[in-house]
file coords-v3.cif (mmCIF, C-alpha atoms (C1' of nucleotides))
data_structure
loop_
_atom_site.label_atom_id
_atom_site.label_comp_id
_atom_site.auth_asym_id
_atom_site.auth_seq_id
_atom_site.Cartn_x
_atom_site.Cartn_y
_atom_site.Cartn_z
CA MET A 1311 0.00 0.00 0.00
CA ASN A 1312 3.01 2.24 -0.46
CA LEU A 1313 2.04 5.57 -1.87
CA PHE A 1314 4.85 5.34 -4.39
CA THR A 1315 3.63 2.12 -5.91
CA ILE A 1316 0.48 3.60 -7.35
CA ASP A 1317 0.47 3.27 -11.11
CA LEU A 1318 -0.81 6.36 -12.79
CA LYS A 1319 -3.58 5.67 -15.25
CA PRO A 1320 -4.75 8.01 -17.97
CA GLY A 1321 -8.23 9.43 -17.83
CA ALA A 1322 -8.03 11.10 -14.45
CA PRO A 1323 -5.70 13.97 -13.48
CA ILE A 1324 -2.49 12.83 -11.81
CA TYR A 1325 -2.90 15.05 -8.79
CA GLU A 1326 -6.34 13.60 -8.15
CA GLN A 1327 -4.98 10.08 -8.30
CA ILE A 1328 -2.36 10.99 -5.75
CA LEU A 1329 -4.98 12.67 -3.60
CA TYR A 1330 -7.20 9.63 -3.70
CA ALA A 1331 -4.38 7.20 -3.00
CA ALA A 1332 -3.28 9.26 -0.02
CA ARG A 1333 -6.80 9.38 1.43
CA LYS A 1334 -7.10 5.66 1.00
CA ALA A 1335 -3.74 4.97 2.62
CA ILE A 1336 -4.53 7.14 5.63
CA LEU A 1337 -8.16 6.14 6.15
CA SER A 1338 -7.36 2.46 5.75
CA GLY A 1339 -4.73 2.66 8.45
CA ALA A 1340 -1.75 1.96 6.22
CA LEU A 1341 -0.48 5.37 7.28
CA LYS A 1342 -1.16 6.11 10.92
CA PRO A 1343 -1.50 9.51 12.60
CA GLY A 1344 1.92 10.86 13.48
CA ASP A 1345 3.62 8.94 10.69
CA ALA A 1346 5.81 10.87 8.32
CA PHE A 1347 4.17 11.57 5.02
CA PRO A 1348 6.46 11.37 1.96
CA SER A 1349 8.01 14.65 0.88
CA VAL A 1350 6.97 16.46 -2.26
CA ARG A 1351 10.27 15.88 -4.02
CA GLU A 1352 10.38 12.25 -2.93
CA ILE A 1353 6.98 11.43 -4.37
CA ALA A 1354 7.77 13.38 -7.52
CA ALA A 1355 10.98 11.41 -8.01
CA GLN A 1356 9.44 7.99 -7.41
CA LEU A 1357 6.48 8.69 -9.68
CA ARG A 1358 8.65 10.52 -12.22
CA ILE A 1359 6.32 13.45 -11.89
CA ASN A 1360 6.78 17.18 -11.66
CA PRO A 1361 6.99 18.40 -8.05
CA ASN A 1362 4.35 21.04 -8.78
CA THR A 1363 1.82 18.32 -9.52
CA VAL A 1364 2.50 16.64 -6.20
CA GLN A 1365 2.34 19.99 -4.47
CA LYS A 1366 -1.15 20.51 -5.83
CA ALA A 1367 -2.35 17.23 -4.35
CA LEU A 1368 -0.67 18.00 -1.05
CA THR A 1369 -2.38 21.38 -0.82
CA ALA A 1370 -5.77 19.72 -1.14
CA LEU A 1371 -4.75 17.07 1.36
CA LYS A 1372 -3.92 19.70 3.93
CA ALA A 1373 -7.17 21.53 3.25
CA GLU A 1374 -8.98 18.33 4.19
CA GLY A 1375 -7.00 18.10 7.40
CA MET A 1376 -5.49 14.76 6.47
CA VAL A 1377 -1.91 15.98 6.53
CA GLU A 1378 -0.01 18.84 8.09
CA SER A 1379 3.20 20.39 6.84
CA LEU A 1380 6.14 21.46 8.98
CA PRO A 1381 8.31 23.82 6.92
CA GLY A 1382 11.90 22.72 6.91
CA ILE A 1383 10.97 19.34 8.33
CA GLY A 1384 8.41 17.53 6.19
CA ASN A 1385 4.83 16.35 6.19
CA ARG A 1386 3.01 14.36 8.81
CA VAL A 1387 -0.26 12.44 8.92
CA CYS A 1388 -2.75 14.32 11.09
CA ASP A 1389 -4.32 13.02 14.23
CA ARG A 1390 -7.93 13.55 13.33
CA PRO A 1391 -8.95 13.24 9.70
CA GLU A 1392 -11.01 16.23 10.65
CA PRO A 1393 -14.27 17.34 12.23
CA ASP A 1394 -16.32 17.66 9.10
CA ASP A 1395 -17.88 20.78 7.74
CA ALA A 1396 -21.50 20.88 6.65
CA ALA A 1397 -20.73 20.50 2.98
CA ARG A 1398 -19.66 16.89 3.23
CA PRO A 1399 -22.95 14.98 3.45
CA ALA A 1400 -23.62 16.10 -0.10
CA GLN A 1401 -20.50 14.29 -1.21
CA LEU A 1402 -21.67 11.16 0.57
CA ASP A 1403 -24.99 11.38 -1.23
CA GLU A 1404 -23.19 11.66 -4.53
CA ALA A 1405 -21.20 8.53 -3.80
CA LEU A 1406 -24.32 6.72 -2.66
CA GLU A 1407 -26.32 7.62 -5.74
CA ALA A 1408 -23.47 6.71 -8.05
CA LEU A 1409 -23.17 3.33 -6.36
CA VAL A 1410 -26.88 2.52 -6.53
CA LEU A 1411 -26.92 3.62 -10.15
CA ARG A 1412 -24.09 1.25 -11.04
CA ALA A 1413 -25.70 -1.58 -9.12
CA ARG A 1414 -29.02 -1.10 -10.89
CA GLN A 1415 -27.23 -1.05 -14.20
CA LEU A 1416 -25.71 -4.42 -13.31
CA ARG A 1417 -29.16 -5.70 -12.28
CA LEU A 1418 -27.80 -6.44 -8.86
CA ASP A 1419 -30.21 -7.06 -5.98
CA LEU A 1420 -30.03 -5.35 -2.61
CA PRO A 1421 -28.66 -8.32 -0.61
CA SER A 1422 -25.79 -8.73 -3.05
CA LEU A 1423 -25.02 -5.05 -2.88
CA ARG A 1424 -25.12 -5.15 0.90
CA ALA A 1425 -22.68 -8.05 0.92
CA ALA A 1426 -20.34 -6.21 -1.42
CA LEU A 1427 -20.53 -3.15 0.80
CA GLN A 1428 -19.75 -5.22 3.89
CA ASP A 1429 -16.78 -6.70 2.07
CA HIS A 1430 -15.33 -3.33 1.15
CA TRP A 1431 -16.01 -1.96 4.61
CA ASN A 1432 -13.88 -4.68 6.15
CA ARG A 1433 -10.91 -3.71 4.05
CA PHE A 1434 -10.41 -0.74 6.33
CA ASN A 1435 -9.02 -1.03 9.82
CA ASP A 1436 -10.48 0.68 12.86
CA MET B 1236 -37.27 14.15 -13.61
CA ASN B 1237 -37.35 15.63 -17.07
CA LEU B 1238 -34.02 15.40 -18.77
CA PHE B 1239 -34.28 19.03 -19.80
CA THR B 1240 -34.63 20.33 -16.30
CA ILE B 1241 -31.16 19.34 -15.21
CA ASP B 1242 -29.18 22.39 -14.22
CA LEU B 1243 -25.65 22.22 -15.46
CA LYS B 1244 -23.08 22.80 -12.75
CA PRO B 1245 -19.46 23.71 -13.29
CA GLY B 1246 -16.74 21.32 -12.24
CA ALA B 1247 -17.86 18.34 -14.26
CA PRO B 1248 -18.00 18.13 -18.07
CA ILE B 1249 -21.42 18.89 -19.52
CA TYR B 1250 -21.61 15.74 -21.58
CA GLU B 1251 -20.95 13.67 -18.45
CA GLN B 1252 -23.73 15.41 -16.59
CA ILE B 1253 -26.12 14.65 -19.42
CA LEU B 1254 -24.90 11.06 -19.50
CA TYR B 1255 -25.41 10.67 -15.80
CA ALA B 1256 -28.84 12.30 -15.80
CA ALA B 1257 -29.96 10.04 -18.64
CA ARG B 1258 -28.76 6.91 -16.85
CA LYS B 1259 -30.57 8.01 -13.74
CA ALA B 1260 -33.79 8.78 -15.60
CA ILE B 1261 -33.81 5.43 -17.35
CA LEU B 1262 -32.71 3.23 -14.46
CA SER B 1263 -35.08 4.92 -12.05
CA GLY B 1264 -38.00 4.21 -14.34
CA ALA B 1265 -38.75 7.82 -15.25
CA LEU B 1266 -38.05 6.84 -18.83
CA LYS B 1267 -39.37 3.40 -19.68
CA PRO B 1268 -38.13 1.03 -22.40
CA GLY B 1269 -39.73 1.92 -25.72
CA ASP B 1270 -40.18 5.55 -24.74
CA ALA B 1271 -38.87 8.16 -27.11
CA PHE B 1272 -35.62 9.66 -25.99
CA PRO B 1273 -35.23 13.41 -26.66
CA SER B 1274 -33.48 14.29 -29.90
CA VAL B 1275 -30.01 15.74 -30.04
CA ARG B 1276 -31.16 19.13 -31.29
CA GLU B 1277 -34.01 19.24 -28.81
CA ILE B 1278 -31.80 18.68 -25.79
CA ALA B 1279 -29.25 21.11 -27.15
CA ALA B 1280 -31.89 23.79 -27.55
CA GLN B 1281 -33.44 23.31 -24.12
CA LEU B 1282 -30.09 23.29 -22.38
CA ARG B 1283 -28.70 26.03 -24.61
CA ILE B 1284 -25.84 23.73 -25.44
CA ASN B 1285 -24.00 22.88 -28.61
CA PRO B 1286 -25.48 19.83 -30.37
CA ASN B 1287 -22.03 18.28 -30.58
CA THR B 1288 -21.83 18.12 -26.82
CA VAL B 1289 -25.16 16.31 -26.63
CA GLN B 1290 -24.06 14.00 -29.41
CA LYS B 1291 -21.03 13.02 -27.39
CA ALA B 1292 -23.17 11.98 -24.45
CA LEU B 1293 -25.57 10.12 -26.72
CA THR B 1294 -22.74 8.14 -28.28
CA ALA B 1295 -21.68 6.92 -24.85
CA LEU B 1296 -25.28 6.18 -23.96
CA LYS B 1297 -25.67 3.95 -26.98
CA ALA B 1298 -22.38 2.22 -26.24
CA GLU B 1299 -23.84 1.26 -22.87
CA GLY B 1300 -26.93 -0.11 -24.53
CA MET B 1301 -29.22 2.30 -22.74
CA VAL B 1302 -30.51 3.96 -25.88
CA GLU B 1303 -30.78 3.07 -29.55
CA SER B 1304 -30.87 5.46 -32.47
CA LEU B 1305 -33.09 5.16 -35.51
CA PRO B 1306 -31.66 7.38 -38.23
CA GLY B 1307 -34.26 9.67 -39.63
CA ILE B 1308 -36.63 8.90 -36.77
CA GLY B 1309 -35.08 9.62 -33.40
CA ASN B 1310 -33.80 7.90 -30.27
CA ARG B 1311 -35.52 5.32 -28.13
CA VAL B 1312 -34.92 3.88 -24.69
CA CYS B 1313 -33.70 0.31 -25.01
CA ASP B 1314 -35.50 -2.73 -23.70
CA ARG B 1315 -32.72 -4.16 -21.65
CA PRO B 1316 -30.19 -1.83 -20.13
CA GLU B 1317 -27.91 -4.49 -21.47
CA PRO B 1318 -26.32 -7.83 -20.64
CA ASP B 1319 -23.14 -6.54 -19.08
CA ASP B 1320 -19.66 -7.21 -20.28
CA ALA B 1321 -16.92 -8.38 -17.97
CA ALA B 1322 -15.45 -4.95 -17.48
CA ARG B 1323 -18.31 -3.63 -15.39
CA PRO B 1324 -17.66 -5.17 -11.94
CA ALA B 1325 -14.55 -3.04 -11.81
CA GLN B 1326 -16.72 0.06 -12.05
CA LEU B 1327 -18.89 -1.22 -9.22
CA ASP B 1328 -15.79 -1.73 -7.12
CA GLU B 1329 -14.71 1.81 -7.82
CA ALA B 1330 -18.06 3.15 -6.68
CA LEU B 1331 -17.98 0.94 -3.61
CA GLU B 1332 -14.50 1.98 -2.60
CA ALA B 1333 -15.27 5.65 -3.16
CA LEU B 1334 -18.35 5.36 -0.98
CA VAL B 1335 -16.60 3.57 1.88
CA LEU B 1336 -13.78 6.10 1.69
CA ARG B 1337 -16.19 9.01 2.03
CA ALA B 1338 -18.04 7.30 4.86
CA ARG B 1339 -14.82 6.65 6.77
CA GLN B 1340 -13.80 10.24 6.26
CA LEU B 1341 -17.09 11.28 7.84
CA ARG B 1342 -16.51 8.85 10.71
CA LEU B 1343 -19.76 7.14 9.87
CA ASP B 1344 -20.47 3.69 11.26
CA LEU B 1345 -21.63 0.72 9.22
CA PRO B 1346 -25.26 0.67 10.39
CA SER B 1347 -25.69 4.31 9.44
CA LEU B 1348 -24.14 3.69 6.06
CA ARG B 1349 -26.39 0.69 5.54
CA ALA B 1350 -29.44 2.79 6.35
CA ALA B 1351 -28.35 5.49 3.93
CA LEU B 1352 -27.84 2.86 1.24
CA GLN B 1353 -31.27 1.42 1.85
CA ASP B 1354 -32.73 4.89 1.58
CA HIS B 1355 -31.10 5.58 -1.77
CA TRP B 1356 -32.01 2.14 -3.04
CA ASN B 1357 -35.67 2.81 -2.48
CA ARG B 1358 -35.55 5.90 -4.62
CA PHE B 1359 -35.51 3.66 -7.67
CA ASN B 1360 -38.54 1.79 -8.95
CA ASP B 1361 -38.58 -1.85 -9.95
"C1'" DT C 603 -42.41 15.15 -54.78
"C1'" DA C 604 -40.91 18.58 -51.45
"C1'" DC C 605 -40.11 19.65 -46.89
"C1'" DG C 606 -38.88 19.51 -42.18
"C1'" DG C 607 -37.04 16.83 -38.60
"C1'" DT C 608 -33.96 13.19 -37.47
"C1'" DG C 609 -29.08 10.84 -36.65
"C1'" DT C 610 -24.37 11.29 -38.08
"C1'" DA C 611 -19.94 13.15 -39.56
"C1'" DT C 612 -16.38 16.56 -40.44
"C1'" DT C 613 -13.37 20.53 -39.79
"C1'" DA C 614 -11.80 24.44 -37.30
"C1'" DC C 615 -11.48 27.42 -33.53
"C1'" DT C 616 -11.45 29.10 -28.61
"C1'" DC C 617 -10.73 28.37 -23.83
"C1'" DA C 618 -9.57 26.30 -19.37
"C1'" DA C 619 -7.28 22.74 -16.96
"C1'" DT C 620 -3.41 19.95 -16.61
"C1'" DA C 621 1.36 19.14 -16.47
"C1'" DT C 622 5.94 20.40 -17.03
"C1'" DA C 623 10.05 23.40 -16.47
"C1'" DA C 624 13.22 26.35 -14.21
"C1'" DT C 625 14.06 28.97 -10.39
"C1'" DA C 626 13.99 31.14 -5.91
"C1'" DC C 627 13.36 31.78 -0.84
"C1'" DA C 628 13.05 30.59 4.19
"C1'" DC C 629 13.33 27.11 7.26
"C1'" DT C 630 15.27 22.90 9.88
"C1'" DG C 631 18.52 19.35 11.55
"C1'" DG C 632 22.95 17.30 11.59
"C1'" DC D 382 27.75 25.14 6.40
"C1'" DC D 383 24.85 22.16 3.92
"C1'" DA D 384 21.48 19.11 2.37
"C1'" DG D 385 16.70 18.43 2.53
"C1'" DT D 386 12.34 20.37 3.49
"C1'" DG D 387 7.85 23.30 2.37
"C1'" DT D 388 6.47 27.09 -0.42
"C1'" DA D 389 6.05 30.41 -4.15
"C1'" DT D 390 6.58 32.37 -8.76
"C1'" DT D 391 6.67 32.67 -13.80
"C1'" DA D 392 6.51 30.62 -18.15
"C1'" DT D 393 5.43 27.19 -21.55
"C1'" DA D 394 3.33 23.05 -23.78
"C1'" DT D 395 -0.26 19.80 -24.08
"C1'" DT D 396 -4.74 18.08 -23.66
"C1'" DG D 397 -9.72 18.05 -23.29
"C1'" DA D 398 -14.04 20.47 -23.43
"C1'" DG D 399 -17.03 23.22 -25.75
"C1'" DT D 400 -18.51 25.94 -29.52
"C1'" DA D 401 -19.34 26.94 -34.44
"C1'" DA D 402 -20.60 26.09 -39.06
"C1'" DT D 403 -21.65 22.87 -42.34
"C1'" DA D 404 -22.88 18.75 -44.80
"C1'" DC D 405 -25.07 14.26 -45.84
"C1'" DA D 406 -28.48 10.41 -45.68
"C1'" DC D 407 -32.60 8.98 -43.79
"C1'" DC D 408 -37.67 9.04 -42.46
"C1'" DG D 409 -42.54 10.63 -42.14
"C1'" DT D 410 -45.93 13.52 -43.87
"C1'" DA D 411 -48.32 16.98 -46.41
#
call {"tool": "encode", "arguments": {"input": "coords-v3.cif", "output": "structure tokens"}}
result
Amino acid sequence: MNLFTIDLKPGAPIYEQILYAARKAILSGALKPGDAFPSVREIAAQLRINPNTVQKALTALKAEGMVESLPGIGNRVCDRPEPDDAARPAQLDEALEALVLRARQLRLDLPSLRAALQDHWNRFND
Amino acid sequence: MNLFTIDLKPGAPIYEQILYAARKAILSGALKPGDAFPSVREIAAQLRINPNTVQKALTALKAEGMVESLPGIGNRVCDRPEPDDAARPAQLDEALEALVLRARQLRLDLPSLRAALQDHWNRFND
DNA sequence: TACGGTGTATTACTCAATATAATACACTGG
DNA sequence: CCAGTGTATTATATTGAGTAATACACCGTA
């Protein structure tokens, strides 16, 4: 689950892929609060990407409260992935609707969908 | 749930918003199989959008088997939203993972998520 | 038959977002 | 001091999205 090992796929912006991978790594427990988060130049080198692109992802990551930066030192995974603002439930609804839409398109029934949800839920540690 | 009444929001490509709205309208039962699907020029006029943009969405819609085109006549909602190819489960997994990620970020528990899923599921007719 | 509406295709242009490139500065720890 | 860090700036190239203007073949109907 190393952040460096993500393989960039075309179709989605690179900085969004990094952003998503970082969220996943942190929320799944692969990166724990207090852990050092890879430096901008380090990620850029490993992914053979321009540092500015990584910087863009990191800026968003800090805005979400997932990571904090210590100038001169480096980045660190935050303690609390953040007390959430009021705008977030809308994003959950989007994800929910998109999921149900896909499931309906696949002619999946509710029990099967529930099972799949349970399965994915368990892939994250508490 | 008229397809014309969708209000285009910035951030996402227009043709994707049309594509999504059409999927939702069809899968939710608002547009039934055999129903006429709005013409390219009609949608373009109502949405004050370039016909080419609508055409792009329609092409994707036909590729998914949601709609069929009868040259000289118009478009029609397909009978079967399609026997699905093998590539689709991956898209379901994406939606599932995105949902769980959002839920974890909101510090939501599984029962609450299940309830929310149930709620969204019921918004679609069978 | 003529006409209007339909799907479809082509070419060209503008514009914003993305990504890269090359620097530069202030800070920290060893 | 020095290497590594976060951060900021300016410039450029590339890509995708959207618009624009046509054009063609097809269908139903008057």
call {"tool": "residues_around", "arguments": {"input": "coords-v3.cif", "residues": "C:DA624", "least_positions_apart": "6", "cutoff": "12 Å", "atoms": "all atoms listed in the file", "output": "list of chain:residue names"}}
result
A:Asn1360, A:Pro1361, A:Asn1362, D:DT390, D:DT391, D:DA392, D:DT393
call {"tool": "write_last_selection", "arguments": {"input": "coords-v3.cif", "atoms": "C-alpha atoms (C1' of nucleotides)", "output": "JSON list (two decimals), keeping the file's coordinate frame"}}
result
[["chain", "number", "residue", "atom", "x", "y", "z"],
["A", 1360, "ASN", "CA", 6.78, 17.18, -11.66],
["A", 1361, "PRO", "CA", 6.99, 18.40, -8.05],
["A", 1362, "ASN", "CA", 4.35, 21.04, -8.78],
["D", 390, "DT", "C1'", 6.58, 32.37, -8.76],
["D", 391, "DT", "C1'", 6.67, 32.67, -13.80],
["D", 392, "DA", "C1'", 6.51, 30.62, -18.15],
["D", 393, "DT", "C1'", 5.43, 27.19, -21.55]]
call {"tool": "resolve_selection", "arguments": {"input": "coords-v3.cif", "expression": "the PyMOL selection byres ((chain A) within 10 of (chain C))", "output": "list in words"}}
result
Pro1323, Ile1324, Tyr1325, Ile1359, Asn1360, Pro1361, Asn1362, Thr1363, Leu1380, Pro1381, Gly1382, Ile1383 and Gly1384 of chain A
call {"tool": "residues_near_point", "arguments": {"input": "coords-v3.cif", "point": "(-34.6, 7.1, -2.8)", "cutoff": "12 Å", "atoms": "only C-alpha atoms (C1' of nucleotides)", "output": "number ranges by chain"}}
result
A: 1403, 1406-1407, 1410-1411; B: 1259, 1263, 1350-1360
call {"tool": "interface_residues", "arguments": {"input": "coords-v3.cif", "of": "chain D", "to": "chain B", "cutoff": "10 Å", "atoms": "all atoms listed in the file", "output": "number ranges by chain"}}
result
D: 397-401, 406-409
call {"tool": "closest_atom_pairs", "arguments": {"input": "coords-v3.cif", "of": "chain B", "to": "chain A", "cutoff": "12 Å", "atoms": "only C-alpha atoms", "output": "tab-separated table"}}
result
residue	atom	partner	partner_atom	distance
B:Tyr1255	CA	A:Ala1408	CA	8.9
B:Ala1256	CA	A:Leu1411	CA	10.5
B:Ala1257	CA	A:Leu1411	CA	11.1
B:Arg1258	CA	A:Leu1411	CA	7.7
B:Lys1259	CA	A:Leu1411	CA	6.7
B:Ala1260	CA	A:Leu1411	CA	10.2
B:Ile1261	CA	A:Gln1415	CA	9.8
B:Leu1262	CA	A:Arg1414	CA	6.7
B:Ser1263	CA	A:Leu1411	CA	8.5
B:Gly1264	CA	A:Arg1414	CA	11.0
B:Glu1299	CA	A:Gln1415	CA	9.6
B:Gly1300	CA	A:Gln1415	CA	10.4
B:Met1301	CA	A:Gln1415	CA	9.4
B:Arg1315	CA	A:Gln1415	CA	9.8
B:Pro1316	CA	A:Gln1415	CA	6.7
B:Glu1317	CA	A:Gln1415	CA	8.1
B:Pro1318	CA	A:Leu1416	CA	8.1
B:Asp1319	CA	A:Leu1416	CA	6.7
B:Asp1320	CA	A:Leu1416	CA	9.6
B:Ala1321	CA	A:Leu1416	CA	10.7
B:Ala1322	CA	A:Leu1416	CA	11.1
B:Arg1323	CA	A:Leu1416	CA	7.7
B:Pro1324	CA	A:Leu1416	CA	8.2
B:Ala1325	CA	A:Arg1412	CA	10.5
B:Gln1326	CA	A:Arg1412	CA	7.5
B:Leu1327	CA	A:Arg1412	CA	6.0
B:Asp1328	CA	A:His1430	CA	8.4
B:Glu1329	CA	A:Leu1409	CA	8.7
B:Ala1330	CA	A:Leu1409	CA	5.1
B:Leu1331	CA	A:Leu1409	CA	6.3
B:Glu1332	CA	A:His1430	CA	6.6
B:Ala1333	CA	A:Ala1405	CA	6.6
B:Leu1334	CA	A:Ala1405	CA	5.1
B:Val1335	CA	A:Trp1431	CA	6.2
B:Leu1336	CA	A:Lys1334	CA	6.7
B:Arg1337	CA	A:Leu1402	CA	6.1
B:Ala1338	CA	A:Leu1402	CA	6.8
B:Arg1339	CA	A:Leu1337	CA	6.7
B:Gln1340	CA	A:Pro1391	CA	6.7
B:Leu1341	CA	A:Asp1394	CA	6.5
B:Arg1342	CA	A:Pro1391	CA	8.8
B:Leu1343	CA	A:Leu1402	CA	10.3
B:Asp1344	CA	A:Trp1431	CA	9.8
B:Leu1345	CA	A:Trp1431	CA	7.7
B:Pro1346	CA	A:Gln1428	CA	10.4
B:Ser1347	CA	A:Leu1402	CA	11.9
B:Leu1348	CA	A:Leu1406	CA	9.2
B:Arg1349	CA	A:Arg1424	CA	7.6
B:Ala1350	CA	A:Arg1424	CA	10.6
B:Ala1351	CA	A:Leu1406	CA	7.8
B:Leu1352	CA	A:Leu1406	CA	6.5
B:Gln1353	CA	A:Leu1420	CA	8.2
B:Asp1354	CA	A:Leu1406	CA	9.6
B:His1355	CA	A:Glu1407	CA	6.5
B:Trp1356	CA	A:Val1410	CA	6.2
B:Asn1357	CA	A:Val1410	CA	9.7
B:Arg1358	CA	A:Glu1407	CA	9.5
B:Phe1359	CA	A:Arg1414	CA	8.7
B:Asn1360	CA	A:Arg1414	CA	10.1
B:Asp1361	CA	A:Arg1414	CA	9.6
call {"tool": "residues_around", "arguments": {"input": "coords-v3.cif", "residues": "A:Leu1318", "least_positions_apart": "6", "cutoff": "9 Å", "atoms": "all atoms listed in the file", "output": "count of residues only"}}
result
4
call {"tool": "atom_distance", "arguments": {"input": "coords-v3.cif", "atom1": "atom CA of A:Ile1353", "atom2": "atom C1' of D:DC383"}}
result
22.4 Å
call {"tool": "resolve_selection", "arguments": {"input": "coords-v3.cif", "expression": "the PyMOL selection byres ((chain A and resi 1387) around 9)", "output": "number ranges by chain"}}
result
A: 1336, 1341-1347, 1375-1379, 1385-1386, 1388-1391
call {"tool": "atom_distance", "arguments": {"input": "coords-v3.cif", "atom1": "atom CA of B:Thr1240", "atom2": "atom CA of B:Val1289"}}
result
14.6 Å
call {"tool": "atom_distance", "arguments": {"input": "coords-v3.cif", "atom1": "atom CA of B:Lys1244", "atom2": "atom CA of B:Ser1274"}}
result
21.8 Å
call {"tool": "decode", "arguments": {"input": "coords-v3.cif", "residues": "stretch 608-623 of chain C", "atoms": "N, CA and C atoms (P, O5', C5', C4', C3', O3' and C1' of nucleotides)", "output": "short mmCIF file (atom, residue, chain, number, x, y, z; two decimals), in the first residue's frame"}}
result
data_model
loop_
_atom_site.label_atom_id
_atom_site.label_comp_id
_atom_site.auth_asym_id
_atom_site.auth_seq_id
_atom_site.Cartn_x
_atom_site.Cartn_y
_atom_site.Cartn_z
P DT C 608 -36.30 16.98 -34.33
"O5'" DT C 608 -35.44 15.74 -34.84
"C5'" DT C 608 -35.97 14.42 -34.72
"C4'" DT C 608 -35.13 13.43 -35.48
"C3'" DT C 608 -33.66 13.37 -35.09
"O3'" DT C 608 -33.46 12.57 -33.94
"C1'" DT C 608 -33.96 13.19 -37.47
P DG C 609 -32.05 12.66 -33.20
"O5'" DG C 609 -31.12 11.72 -34.06
"C5'" DG C 609 -31.44 10.33 -34.21
"C4'" DG C 609 -30.43 9.68 -35.14
"C3'" DG C 609 -29.00 9.66 -34.61
"O3'" DG C 609 -28.37 8.43 -34.94
"C1'" DG C 609 -29.08 10.84 -36.65
P DT C 610 -26.89 8.15 -34.35
"O5'" DT C 610 -25.93 8.82 -35.43
"C5'" DT C 610 -25.96 8.35 -36.78
"C4'" DT C 610 -24.98 9.12 -37.63
"C3'" DT C 610 -23.59 9.33 -36.97
"O3'" DT C 610 -22.62 8.57 -37.67
"C1'" DT C 610 -24.37 11.29 -38.08
P DA C 611 -21.12 8.50 -37.11
"O5'" DA C 611 -20.39 9.61 -37.99
"C5'" DA C 611 -20.59 9.64 -39.40
"C4'" DA C 611 -19.92 10.87 -39.99
"C3'" DA C 611 -18.56 11.19 -39.36
"O3'" DA C 611 -17.53 11.00 -40.32
"C1'" DA C 611 -19.94 13.15 -39.56
P DT C 612 -15.98 11.18 -39.90
"O5'" DT C 612 -15.69 12.69 -40.32
"C5'" DT C 612 -16.20 13.17 -41.57
"C4'" DT C 612 -15.94 14.67 -41.69
"C3'" DT C 612 -14.59 15.12 -41.11
"O3'" DT C 612 -13.77 15.59 -42.16
"C1'" DT C 612 -16.38 16.56 -40.44
P DT C 613 -12.17 15.77 -41.91
"O5'" DT C 613 -12.05 17.33 -41.59
"C5'" DT C 613 -12.63 18.28 -42.47
"C4'" DT C 613 -12.67 19.65 -41.82
"C3'" DT C 613 -11.39 20.04 -41.06
"O3'" DT C 613 -10.76 21.14 -41.71
"C1'" DT C 613 -13.37 20.53 -39.79
P DA C 614 -9.34 21.70 -41.12
"O5'" DA C 614 -9.84 22.89 -40.18
"C5'" DA C 614 -10.82 23.80 -40.64
"C4'" DA C 614 -11.21 24.76 -39.53
"C3'" DA C 614 -10.03 25.24 -38.67
"O3'" DA C 614 -10.00 26.66 -38.64
"C1'" DA C 614 -11.80 24.44 -37.30
P DC C 615 -8.67 27.39 -38.06
"O5'" DC C 615 -9.20 28.03 -36.71
"C5'" DC C 615 -10.42 28.78 -36.71
"C4'" DC C 615 -11.00 28.83 -35.29
"C3'" DC C 615 -10.00 29.22 -34.21
"O3'" DC C 615 -10.16 30.58 -33.86
"C1'" DC C 615 -11.48 27.42 -33.53
P DT C 616 -9.14 31.23 -32.76
"O5'" DT C 616 -9.91 31.05 -31.38
"C5'" DT C 616 -11.29 31.43 -31.28
"C4'" DT C 616 -11.85 30.99 -29.92
"C3'" DT C 616 -11.01 31.43 -28.73
"O3'" DT C 616 -11.85 32.12 -27.80
"C1'" DT C 616 -11.45 29.10 -28.61
P DC C 617 -11.15 32.94 -26.58
"O5'" DC C 617 -11.19 31.89 -25.38
"C5'" DC C 617 -12.42 31.28 -25.01
"C4'" DC C 617 -12.16 30.17 -24.00
"C3'" DC C 617 -11.17 30.53 -22.91
"O3'" DC C 617 -11.83 30.52 -21.65
"C1'" DC C 617 -10.73 28.37 -23.83
P DA C 618 -11.00 31.02 -20.36
"O5'" DA C 618 -10.86 29.68 -19.51
"C5'" DA C 618 -11.99 28.82 -19.37
"C4'" DA C 618 -11.56 27.45 -18.86
"C3'" DA C 618 -10.66 27.49 -17.63
"O3'" DA C 618 -11.12 26.55 -16.67
"C1'" DA C 618 -9.57 26.30 -19.37
P DA C 619 -10.38 26.43 -15.26
"O5'" DA C 619 -9.64 25.01 -15.36
"C5'" DA C 619 -10.38 23.89 -15.82
"C4'" DA C 619 -9.46 22.72 -16.09
"C3'" DA C 619 -8.51 22.40 -14.94
"O3'" DA C 619 -8.50 21.00 -14.71
"C1'" DA C 619 -7.28 22.74 -16.96
P DT C 620 -7.70 20.40 -13.43
"O5'" DT C 620 -6.40 19.75 -14.10
"C5'" DT C 620 -6.56 18.93 -15.25
"C4'" DT C 620 -5.23 18.72 -15.93
"C3'" DT C 620 -4.08 18.33 -15.00
"O3'" DT C 620 -3.67 17.00 -15.31
"C1'" DT C 620 -3.41 19.95 -16.61
P DA C 621 -2.67 16.23 -14.31
"O5'" DA C 621 -1.21 16.61 -14.82
"C5'" DA C 621 -0.86 16.32 -16.18
"C4'" DA C 621 0.41 17.05 -16.54
"C3'" DA C 621 1.56 16.94 -15.53
"O3'" DA C 621 2.55 16.06 -16.04
"C1'" DA C 621 1.36 19.14 -16.47
P DT C 622 3.91 15.84 -15.19
"O5'" DT C 622 4.90 16.90 -15.85
"C5'" DT C 622 5.02 16.94 -17.27
"C4'" DT C 622 5.76 18.20 -17.69
"C3'" DT C 622 7.17 18.34 -17.09
"O3'" DT C 622 8.14 18.25 -18.12
"C1'" DT C 622 5.94 20.40 -17.03
P DA C 623 9.69 18.04 -17.72
"O5'" DA C 623 10.22 19.54 -17.52
"C5'" DA C 623 10.04 20.47 -18.57
"C4'" DA C 623 10.49 21.86 -18.11
"C3'" DA C 623 11.74 21.86 -17.22
"O3'" DA C 623 12.82 22.39 -17.95
"C1'" DA C 623 10.05 23.40 -16.47
#
